[in-house]
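Source file: upload.cif; contents: mmCIF, C-alpha atoms.
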```
data_query
#
loop_
_atom_site.label_atom_id
_atom_site.label_comp_id
_atom_site.auth_asym_id
_atom_site.auth_seq_id
_atom_site.Cartn_x
_atom_site.Cartn_y
_atom_site.Cartn_z
CA MET K 1 0.00 0.00 0.00
CA PHE K 2 2.78 2.38 1.04
CA THR K 3 4.83 1.49 -2.04
CA ARG K 4 1.84 2.04 -4.29
CA LEU K 5 1.17 5.46 -2.75
CA LYS K 6 4.85 6.33 -3.09
CA VAL K 7 4.85 5.38 -6.78
CA LEU K 8 1.62 7.29 -7.41
CA PHE K 9 2.94 10.37 -5.62
CA SER K 10 6.24 10.34 -7.49
CA ARG K 11 4.40 10.05 -10.80
CA PHE K 12 2.11 12.94 -9.84
CA TYR K 13 5.10 15.06 -8.78
CA ASP K 14 6.92 14.34 -12.01
CA THR K 15 3.89 15.29 -14.08
CA ILE K 16 3.31 18.57 -12.24
CA PHE K 17 6.90 19.70 -11.98
CA GLY K 18 8.03 18.32 -15.29
CA SER K 19 10.99 16.40 -13.99
CA GLN K 20 12.26 13.37 -15.85
CA LYS K 21 9.86 10.49 -16.24
CA ILE K 22 10.69 7.62 -13.93
CA ILE K 23 10.37 4.32 -15.72
CA GLN K 24 9.17 1.29 -13.78
CA LEU K 25 11.52 -1.44 -14.96
CA GLY K 26 10.13 -4.83 -13.98
CA ILE K 27 12.16 -8.01 -13.80
CA TYR K 28 9.94 -10.99 -14.49
CA GLY K 29 10.38 -14.65 -15.20
CA PRO K 30 9.92 -18.16 -13.90
CA PRO K 31 11.40 -19.15 -10.52
CA ASN K 32 15.16 -19.72 -10.38
CA SER K 33 15.91 -18.01 -13.67
CA GLY K 34 18.18 -15.46 -11.99
CA LYS K 35 15.93 -12.42 -11.62
CA THR K 36 17.31 -11.32 -8.27
CA THR K 37 20.88 -12.08 -9.36
CA LEU K 38 20.29 -9.69 -12.26
CA ALA K 39 18.71 -7.07 -9.98
CA ASN K 40 21.73 -7.32 -7.66
CA ARG K 41 24.08 -7.05 -10.65
CA ILE K 42 22.32 -3.88 -11.88
CA CYS K 43 22.65 -2.33 -8.40
CA LYS K 44 26.30 -3.29 -8.26
CA ASP K 45 27.07 -1.93 -11.74
CA ILE K 46 25.12 1.29 -11.56
CA LEU K 47 25.01 2.21 -7.91
CA ASN K 48 28.48 0.84 -7.23
CA THR K 49 27.25 -0.75 -4.07
CA ASP K 50 27.48 -4.21 -2.60
CA GLU K 51 24.12 -3.75 -0.97
CA GLU K 52 21.91 -6.41 -2.54
CA MET K 53 18.30 -6.06 -3.56
CA GLY K 54 17.52 -9.56 -2.43
CA ALA K 55 18.96 -12.88 -1.40
CA VAL K 56 19.57 -15.58 -3.99
CA SER K 57 19.23 -19.31 -3.48
CA PRO K 58 19.13 -22.51 -5.53
CA ILE K 59 15.78 -23.28 -3.90
CA ALA K 60 12.88 -21.91 -5.93
CA HIS K 61 10.79 -18.99 -4.66
CA GLU K 62 13.54 -17.33 -2.67
CA THR K 63 12.02 -13.97 -3.64
CA ARG K 64 8.46 -13.98 -2.40
CA LYS K 65 7.73 -10.26 -2.31
CA VAL K 66 8.10 -7.52 -4.88
CA THR K 67 11.06 -5.29 -4.04
CA VAL K 68 11.65 -1.87 -5.52
CA LYS K 69 14.85 0.11 -5.73
CA ASN K 70 13.98 3.72 -6.45
CA ARG K 71 15.61 6.25 -8.74
CA ILE K 72 18.41 4.44 -10.53
CA THR K 73 20.06 6.37 -13.36
CA ILE K 74 21.60 4.57 -16.27
CA SER K 75 23.75 6.41 -18.82
CA HIS K 76 25.21 4.92 -21.95
CA ALA K 77 26.36 6.50 -25.22
CA LYS K 78 24.74 9.90 -24.54
CA LYS K 79 21.49 8.25 -23.54
CA ARG K 80 20.12 8.52 -20.03
CA MET K 81 17.24 6.91 -18.22
CA VAL K 82 15.96 7.14 -14.66
CA PHE K 83 14.09 4.13 -13.44
CA ASP K 84 12.72 2.27 -10.46
CA LEU K 85 13.93 -1.31 -10.49
CA VAL K 86 11.18 -3.77 -9.63
CA ASP K 87 12.30 -7.28 -8.74
CA THR K 88 9.37 -9.68 -8.74
CA PRO K 89 8.84 -13.21 -7.38
CA GLY K 90 8.98 -15.95 -10.01
CA ILE K 91 5.72 -16.70 -11.78
CA ALA K 92 4.70 -20.34 -11.68
CA THR K 93 1.47 -22.26 -12.11
CA ARG K 94 2.27 -24.68 -9.28
CA ILE K 95 3.95 -24.57 -5.89
CA ASP K 96 5.78 -27.71 -4.90
CA TYR K 97 5.78 -28.16 -1.12
CA GLU K 98 7.51 -31.54 -1.41
CA LYS K 99 10.39 -29.94 -3.29
CA PHE K 100 10.94 -27.51 -0.42
CA VAL K 101 11.05 -30.43 2.02
CA ARG K 102 13.44 -32.36 -0.21
CA SER K 103 15.74 -29.35 -0.29
CA GLY K 104 16.19 -29.63 3.47
CA MET K 105 13.45 -27.46 4.96
CA ASN K 106 11.37 -28.73 7.84
CA ALA K 107 7.59 -29.03 7.40
CA LYS K 108 6.88 -25.69 9.05
CA GLU K 109 9.39 -23.80 6.92
CA ALA K 110 8.20 -25.53 3.75
CA LYS K 111 4.58 -24.68 4.52
CA GLN K 112 5.48 -21.07 5.18
CA ARG K 113 7.48 -20.85 1.97
CA ALA K 114 4.65 -22.42 -0.05
CA LYS K 115 2.16 -19.97 1.44
CA GLU K 116 4.35 -16.96 0.74
CA ALA K 117 5.23 -18.23 -2.74
CA THR K 118 1.55 -18.34 -3.76
CA ARG K 119 1.12 -14.76 -2.57
CA GLY K 120 4.27 -13.78 -4.44
CA VAL K 121 2.95 -15.12 -7.74
CA ILE K 122 -0.30 -13.19 -7.30
CA GLU K 123 1.61 -10.01 -6.45
CA SER K 124 3.89 -10.39 -9.47
CA ILE K 125 0.97 -10.68 -11.86
CA LYS K 126 -0.77 -7.70 -10.26
CA TRP K 127 2.38 -5.60 -10.78
CA LEU K 128 2.09 -6.09 -14.54
CA ASP K 129 -0.31 -3.14 -14.47
CA ARG K 130 2.36 -0.86 -13.03
CA VAL K 131 5.52 -1.55 -15.00
CA ASP K 132 6.65 0.34 -18.13
CA ILE K 133 9.35 -2.01 -19.45
CA VAL K 134 9.78 -5.68 -18.64
CA ILE K 135 12.94 -7.72 -18.60
CA LEU K 136 11.85 -11.32 -18.97
CA VAL K 137 14.63 -13.40 -17.48
CA LEU K 138 14.83 -16.98 -18.73
CA ASP K 139 17.24 -19.69 -17.69
CA SER K 140 19.07 -20.47 -20.94
CA THR K 141 19.78 -24.03 -19.79
CA LYS K 142 16.06 -24.81 -19.68
CA ASN K 143 13.41 -25.33 -22.31
CA PRO K 144 11.97 -21.90 -23.18
CA TYR K 145 8.86 -23.52 -24.64
CA ASN K 146 6.80 -22.89 -21.58
CA GLN K 147 3.27 -21.60 -21.18
CA VAL K 148 4.17 -19.38 -18.21
CA ASN K 149 6.65 -17.46 -20.36
CA LEU K 150 4.04 -17.12 -23.09
CA THR K 151 1.41 -15.98 -20.62
CA ILE K 152 3.75 -13.27 -19.33
CA ILE K 153 4.59 -12.17 -22.89
CA GLY K 154 0.93 -12.26 -23.92
CA ASN K 155 -0.02 -10.07 -20.98
CA LEU K 156 2.71 -7.60 -21.82
CA GLU K 157 1.69 -7.49 -25.49
CA ALA K 158 -1.89 -6.85 -24.47
CA ARG K 159 -0.74 -3.95 -22.29
CA LYS K 160 1.70 -2.71 -24.97
CA ILE K 161 4.63 -2.97 -22.57
CA PRO K 162 8.04 -3.37 -24.25
CA VAL K 163 9.82 -6.62 -23.42
CA ILE K 164 13.49 -7.54 -23.45
CA ILE K 165 14.12 -11.25 -23.18
CA VAL K 166 17.23 -12.02 -21.20
CA ALA K 167 18.73 -15.48 -21.64
CA ASN K 168 20.58 -15.79 -18.37
CA LYS K 169 23.25 -18.29 -17.22
CA ILE K 170 25.12 -18.34 -20.53
CA ASP K 171 28.26 -19.19 -18.55
CA LEU K 172 26.90 -22.72 -18.09
CA LYS K 173 27.84 -25.42 -20.58
CA SER K 174 24.25 -26.55 -21.07
CA SER K 175 23.16 -23.04 -21.99
CA LYS K 176 21.30 -22.82 -25.32
CA LEU K 177 20.94 -19.17 -26.18
CA GLU K 178 19.99 -19.89 -29.81
CA LYS K 179 17.05 -21.98 -28.69
CA ILE K 180 15.54 -19.00 -26.88
CA ALA K 181 16.22 -16.70 -29.84
CA THR K 182 14.56 -19.23 -32.17
CA HIS K 183 11.51 -19.58 -29.97
CA TYR K 184 11.00 -15.85 -29.57
CA PRO K 185 11.93 -14.44 -32.99
CA ASN K 186 9.87 -11.28 -32.54
CA TYR K 187 11.77 -10.17 -29.45
CA HIS K 188 15.17 -8.77 -28.66
CA VAL K 189 17.01 -11.60 -26.89
CA VAL K 190 20.14 -10.72 -24.94
CA GLY K 191 22.37 -13.50 -23.63
CA ILE K 192 24.00 -12.66 -20.32
CA SER K 193 25.48 -14.13 -17.20
CA ALA K 194 24.22 -11.95 -14.36
CA LYS K 195 26.36 -13.87 -11.91
CA PHE K 196 29.62 -13.25 -13.78
CA ALA K 197 28.63 -9.92 -15.38
CA ARG K 198 28.92 -11.10 -18.98
CA HIS K 199 27.43 -9.05 -21.82
CA MET K 200 25.95 -6.52 -19.42
CA ASP K 201 26.74 -3.62 -21.78
CA GLU K 202 24.57 -5.20 -24.43
CA PHE K 203 21.85 -5.59 -21.83
CA TYR K 204 21.96 -1.91 -20.76
CA GLU K 205 21.87 -0.85 -24.40
CA ALA K 206 18.74 -2.94 -24.92
CA VAL K 207 17.10 -1.34 -21.89
CA LEU K 208 17.83 2.16 -23.17
CA LYS K 209 16.48 1.21 -26.58
CA ALA K 210 13.28 -0.13 -25.04
CA ARG K 211 12.81 3.24 -23.32
CA LYS K 212 11.71 4.73 -26.66
CA GLN K 213 8.84 2.28 -26.94
CA VAL K 214 7.35 3.16 -23.57
CA LYS K 215 3.82 4.43 -23.67
CA ARG K 216 2.28 5.88 -20.55
CA HIS K 217 -0.70 3.76 -19.54
CA MET L 218 -8.51 -43.09 -14.19
CA LEU L 219 -7.93 -39.89 -16.10
CA THR L 220 -10.91 -37.76 -16.91
CA PHE L 221 -10.75 -35.43 -19.89
CA HIS L 222 -13.40 -32.75 -20.19
CA TYR L 223 -13.94 -31.17 -23.58
CA ILE L 224 -15.17 -27.59 -23.48
CA PRO L 225 -16.37 -26.11 -26.78
CA PHE L 226 -15.60 -22.42 -27.21
CA GLN L 227 -19.30 -21.62 -27.44
CA ARG L 228 -19.77 -23.01 -23.92
CA ILE L 229 -17.59 -20.31 -22.38
CA VAL L 230 -17.74 -17.43 -24.85
CA GLN L 231 -20.85 -15.90 -23.33
CA MET L 232 -19.46 -15.99 -19.81
CA GLY L 233 -17.81 -12.99 -18.22
CA THR L 234 -14.09 -13.32 -17.44
CA TYR L 235 -14.53 -14.07 -13.74
CA ASP L 236 -17.37 -16.54 -14.34
CA ARG L 237 -15.21 -18.28 -16.93
CA ILE L 238 -12.30 -18.56 -14.50
CA ASP L 239 -14.60 -19.86 -11.73
CA PHE L 240 -16.12 -22.39 -14.10
CA LEU L 241 -12.74 -23.70 -15.24
CA MET L 242 -11.37 -23.77 -11.69
CA SER L 243 -14.34 -25.79 -10.44
CA LEU L 244 -13.67 -28.44 -13.11
CA ILE L 245 -9.93 -28.49 -12.41
CA ARG L 246 -10.62 -28.88 -8.69
CA ASP L 247 -12.73 -31.87 -9.67
CA ASN L 248 -9.49 -33.44 -11.00
CA ARG L 249 -10.41 -33.16 -14.64
CA ILE L 250 -8.10 -32.39 -17.50
CA LEU L 251 -9.71 -29.72 -19.62
CA LEU L 252 -9.48 -29.62 -23.38
CA ILE L 253 -10.73 -26.19 -24.32
CA GLU L 254 -11.48 -25.32 -27.90
CA GLY L 255 -9.60 -22.11 -28.66
CA ARG L 256 -7.56 -20.05 -26.27
CA LEU L 257 -8.06 -17.89 -23.26
CA LYS L 258 -6.96 -14.27 -23.45
CA PRO L 259 -3.51 -13.67 -21.91
CA GLU L 260 -5.17 -11.61 -19.16
CA GLU L 261 -7.47 -14.54 -18.43
CA GLU L 262 -4.53 -16.92 -18.26
CA GLY L 263 -2.95 -14.53 -15.75
CA LEU L 264 -6.15 -14.44 -13.73
CA LEU L 265 -6.43 -18.21 -13.85
CA ILE L 266 -2.88 -18.55 -12.47
CA GLN L 267 -3.72 -16.05 -9.73
CA GLU L 268 -6.93 -17.89 -8.88
CA SER L 269 -5.17 -21.26 -8.83
CA MET L 270 -2.63 -19.81 -6.36
CA ARG L 271 -5.50 -18.88 -4.04
CA HIS L 272 -6.68 -22.50 -4.05
CA ILE L 273 -3.32 -24.01 -3.07
CA ASP L 274 -3.12 -25.41 0.43
CA ALA L 275 0.17 -25.15 2.33
CA THR L 276 1.21 -28.78 1.82
CA GLY L 277 -0.31 -29.07 -1.62
CA LYS L 278 -2.07 -32.31 -0.67
CA HIS L 279 -5.46 -31.18 -1.91
CA PHE L 280 -4.37 -28.76 -4.59
CA SER L 281 -0.90 -27.69 -5.67
CA GLY L 282 -1.65 -25.61 -8.73
CA ILE L 283 -2.26 -26.21 -12.40
CA GLU L 284 -0.47 -27.16 -15.56
CA ILE L 285 -1.44 -25.30 -18.69
CA THR L 286 -0.39 -25.44 -22.29
CA VAL L 287 -1.74 -24.16 -25.59
CA LEU L 288 -1.34 -25.86 -28.93
CA HIS L 289 -1.70 -23.52 -31.86
CA GLU L 290 -0.23 -23.06 -35.28
CA SER L 291 1.17 -19.55 -35.10
CA TYR L 292 3.11 -20.28 -31.94
CA ARG L 293 6.50 -19.43 -33.33
CA GLN L 294 5.56 -17.73 -36.54
CA THR L 295 7.43 -14.62 -37.53
CA TYR L 296 5.33 -12.15 -39.44
CA SER L 297 6.74 -9.74 -41.98
CA LYS L 298 5.68 -6.09 -41.75
CA ILE L 299 3.13 -6.61 -44.55
CA GLN L 300 1.71 -9.72 -42.89
CA GLN L 301 1.47 -7.86 -39.58
CA CYS L 302 -0.32 -5.01 -41.34
CA LYS L 303 -2.77 -7.43 -42.99
CA LYS L 304 -3.48 -9.09 -39.66
CA LYS L 305 -4.13 -5.72 -38.02
CA ILE L 306 -6.54 -4.66 -40.78
CA ALA L 307 -8.35 -8.00 -40.58
CA ALA L 308 -8.60 -7.73 -36.81
CA TRP L 309 -9.95 -4.18 -37.13
CA LEU L 310 -12.54 -5.18 -39.75
CA LEU L 311 -13.66 -8.14 -37.70
CA GLU L 312 -13.71 -6.25 -34.41
CA ASN L 313 -17.48 -6.55 -34.04
CA LYS L 314 -17.52 -10.23 -34.86
CA LYS L 315 -14.76 -11.08 -32.41
CA GLU L 316 -17.16 -12.67 -29.92
CA SER L 317 -18.26 -15.33 -32.36
CA MET L 318 -14.74 -16.05 -33.68
CA ILE L 319 -13.03 -19.11 -32.28
CA PRO L 320 -9.39 -18.35 -31.52
CA HIS L 321 -7.03 -20.89 -33.06
CA GLY L 322 -5.70 -23.68 -30.92
CA ILE L 323 -6.50 -26.00 -28.08
CA THR L 324 -5.89 -25.14 -24.45
CA ILE L 325 -5.09 -27.98 -22.10
CA ILE L 326 -5.34 -27.35 -18.38
CA GLY L 327 -5.16 -29.84 -15.55
CA PRO L 328 -4.40 -30.07 -11.86
CA ALA L 329 -0.73 -30.29 -10.91
CA LEU L 330 -1.61 -33.16 -8.56
CA ILE L 331 -2.24 -35.28 -11.65
CA ILE L 332 -0.01 -33.70 -14.30
CA LYS L 333 3.64 -33.54 -13.44
CA GLU L 334 4.68 -31.78 -16.60
CA MET L 335 3.52 -31.01 -20.12
CA LYS L 336 6.27 -30.84 -22.71
CA GLN L 337 5.48 -29.25 -26.03
CA SER L 338 7.79 -29.31 -28.99
CA PRO L 339 5.77 -27.61 -30.69
CA GLU L 340 3.32 -29.92 -32.53
CA ILE L 341 3.80 -32.82 -30.12
CA LEU L 342 2.57 -32.73 -26.58
CA GLU L 343 3.91 -35.06 -23.92
CA MET L 344 1.93 -35.29 -20.72
CA HIS L 345 3.87 -36.67 -17.77
CA LEU L 346 1.69 -37.84 -14.93
CA GLN L 347 2.47 -37.77 -11.22
CA LYS L 348 3.69 -41.07 -9.77
CA ILE L 349 1.34 -40.74 -6.81
CA PHE L 350 -1.62 -40.41 -9.15
CA LEU L 351 -0.54 -43.47 -11.15
CA LYS L 352 -0.08 -45.51 -7.94
CA LYS L 353 -3.54 -44.53 -6.73
CA THR L 354 -5.06 -45.52 -10.08
CA VAL L 355 -3.34 -48.92 -10.02
CA GLN L 356 -4.53 -49.50 -6.45
CA GLN L 357 -8.10 -48.57 -7.40
CA GLN L 358 -7.99 -50.96 -10.36
CA LYS L 359 -6.70 -53.78 -8.13
CA GLY L 360 -9.45 -53.05 -5.59
CA LYS L 361 -12.09 -53.35 -8.30
CA SER L 362 -10.79 -56.63 -9.65
#
```

Target encoding structure tokens, full file:
Amino acid sequence: MFTRLKVLFSRFYDTIFGSQKIIQLGIYGPPNSGKTTLANRICKDILNTDEEMGAVSPIAHETRKVTVKNRITISHAKKRMVFDLVDTPGIATRIDYEKFVRSGMNAKEAKQRAKEATRGVIESIKWLDRVDIVILVLDSTKNPYNQVNLTIIGNLEARKIPVIIVANKIDLKSSKLEKIATHYPNYHVVGISAKFARHMDEFYEAVLKARKQVKRH
Amino acid sequence: MLTFHYIPFQRIVQMGTYDRIDFLMSLIRDNRILLIEGRLKPEEEGLLIQESMRHIDATGKHFSGIEITVLHESYRQTYSKIQQCKKKIAAWLLENKKESMIPHGITIIGPALIIKEMKQSPEILEMHLQKIFLKKTVQQQKGKS
């Protein structure tokens, strides 16, 4: 509620006083694709800080609440953009309690995680109404042919929100960047390794390019 | 036993979005695999995912979510500028008839307690079932015989 009011107020202020438009840059994707790793990388690169946006873990649904980092400025080749970085929980159609238990959690912890994960998915989808550009982070070692990815893209198309598809984890041997590019021929696909900061320049360029396609909704 | 439920597009086209989601959810909760003629709108798919999340119980014993996939021909098609333009004009001309038009494809939705995974590549669909579900079915069959 507070975050929503804050966002609304900042938008109102910007409109009245004509300051630069603050873009809401949403990071979306399925669980464990590296969304928070990317968010942390952006903070590290741009803000020059080791302060992380969120914790990362090999267990799915580590991020269970939307987190926002306000007023980040990105400059590249005479282009500049001010944005709020929105890291969202992974969108899934199922929550696997048993998987949490198998990963070493006790029943209470697993139940809590499952409960919070369901809320996280709902929150992520609701936030689609508030973002201006979306970075769809996919794990390039996994099959991109997935209905969740298509549902996210379909929702963004319907809302006319520009999308950049990020094929993450290209540092891994099993990574198949071409497969993602083939499956999503109508989108700009950028292969990166958020963990090892590979091809981040290309990524920032794509974000600045997408800025031009933003329509206020 | 697996139960497939075929839903013709005409059966749901007159329903409002929320009624449609409720209708589909009630069938999924009844452990049926739905074969829907046509496709849901992306917004509806989003709402269905949200609604399914609300139904999940903490241990997932009664409901752990859904599996959804859509089979349709233009899945990976790249359209040239001219083709895109043609499609836009056609969509604009047919705007008023949209309600009666069946969107291409088949939507398959089922409970995650039964379907472990659906792999699509892209014309072939593999449905992997949960071991627990298969065990239960075998036990039921043995009980009957």

When the PyMOL selection byres ((chain L) within 7 of (chain K)) is applied to the file above, which residues end up in the set, as a ChimeraX atom specification? /L:259-260,262-263,266-267,270,275-277,281-286,293,295,329,337

Report the residues retrieved by the PyMOL selection byres ((chain K and resi 165) around 6) from the displayed file, expressed as a compact mmCIF listing (two decimals) with C-alpha atoms, in the coordinates of the input.
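Saved result, out_19.txt, follows:
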```
# COMPACT_ATOMS: atom_id res chain seq x y z
CA ILE K 135 12.94 -7.72 -18.60
CA LEU K 136 11.85 -11.32 -18.97
CA ILE K 164 13.49 -7.54 -23.45
CA VAL K 166 17.23 -12.02 -21.20
CA VAL K 189 17.01 -11.60 -26.89
```

What is the distance between atom CA of L:Asp274 and atom CA of L:Val355, in Å to one decimal?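 Pair atom CA of L:Asp274 / atom CA of L:Val355 returns 25.7 Å.
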
For a test of reading the model, state the distance in Å between atom CA of K:His61 and atom CA of K:Ile74, rounded to one decimal.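 Rounded to one decimal, the two atoms are 28.4 Å apart.
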
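Between atom CA of K:Asp129 and atom CA of L:His321 lies a distance of 26.6 Å.
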
Any idea what's packed within 10 Å of L:Ile326, counting only C-alpha atoms, ignoring anything in its chain fewer than 4 positions away? Could you give it as a short mmCIF file (atom, residue, chain, number, x, y, z; two decimals) with C-alpha atoms, in the frame of the given file?
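To be explicit, this is the file written out as part.cif:
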```
data_model
loop_
_atom_site.label_atom_id
_atom_site.label_comp_id
_atom_site.auth_asym_id
_atom_site.auth_seq_id
_atom_site.Cartn_x
_atom_site.Cartn_y
_atom_site.Cartn_z
CA PHE L 221 -10.75 -35.43 -19.89
CA HIS L 222 -13.40 -32.75 -20.19
CA LEU L 241 -12.74 -23.70 -15.24
CA MET L 242 -11.37 -23.77 -11.69
CA LEU L 244 -13.67 -28.44 -13.11
CA ILE L 245 -9.93 -28.49 -12.41
CA ARG L 249 -10.41 -33.16 -14.64
CA ILE L 250 -8.10 -32.39 -17.50
CA LEU L 251 -9.71 -29.72 -19.62
CA LEU L 252 -9.48 -29.62 -23.38
CA ILE L 253 -10.73 -26.19 -24.32
CA ILE L 283 -2.26 -26.21 -12.40
CA GLU L 284 -0.47 -27.16 -15.56
CA ILE L 285 -1.44 -25.30 -18.69
CA THR L 286 -0.39 -25.44 -22.29
CA VAL L 287 -1.74 -24.16 -25.59
CA ILE L 332 -0.01 -33.70 -14.30
CA MET L 335 3.52 -31.01 -20.12
#
```

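Those residues that approach L:Lys353 to within 12 Å, counting all atoms listed in the file, are Met218, Leu219, Leu330, Ile331, Leu346, Gln347, Lys348, Ile349, Gln357, Gln358, Lys359 and Gly360 of chain L; same-chain residues fewer than 4 positions away are not listed.
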
Shell around K:Gly54 at 8 Å using all atoms listed in the file, local window under 6 positions removed, as a tab-separated table (two decimals) with C-alpha atoms, keeping the file's coordinate frame:
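Result file is out-v5.tsv:
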```
chain	number	residue	atom	x	y	z
K	36	THR	CA	17.31	-11.32	-8.27
K	40	ASN	CA	21.73	-7.32	-7.66
K	63	THR	CA	12.02	-13.97	-3.64
K	67	THR	CA	11.06	-5.29	-4.04
```
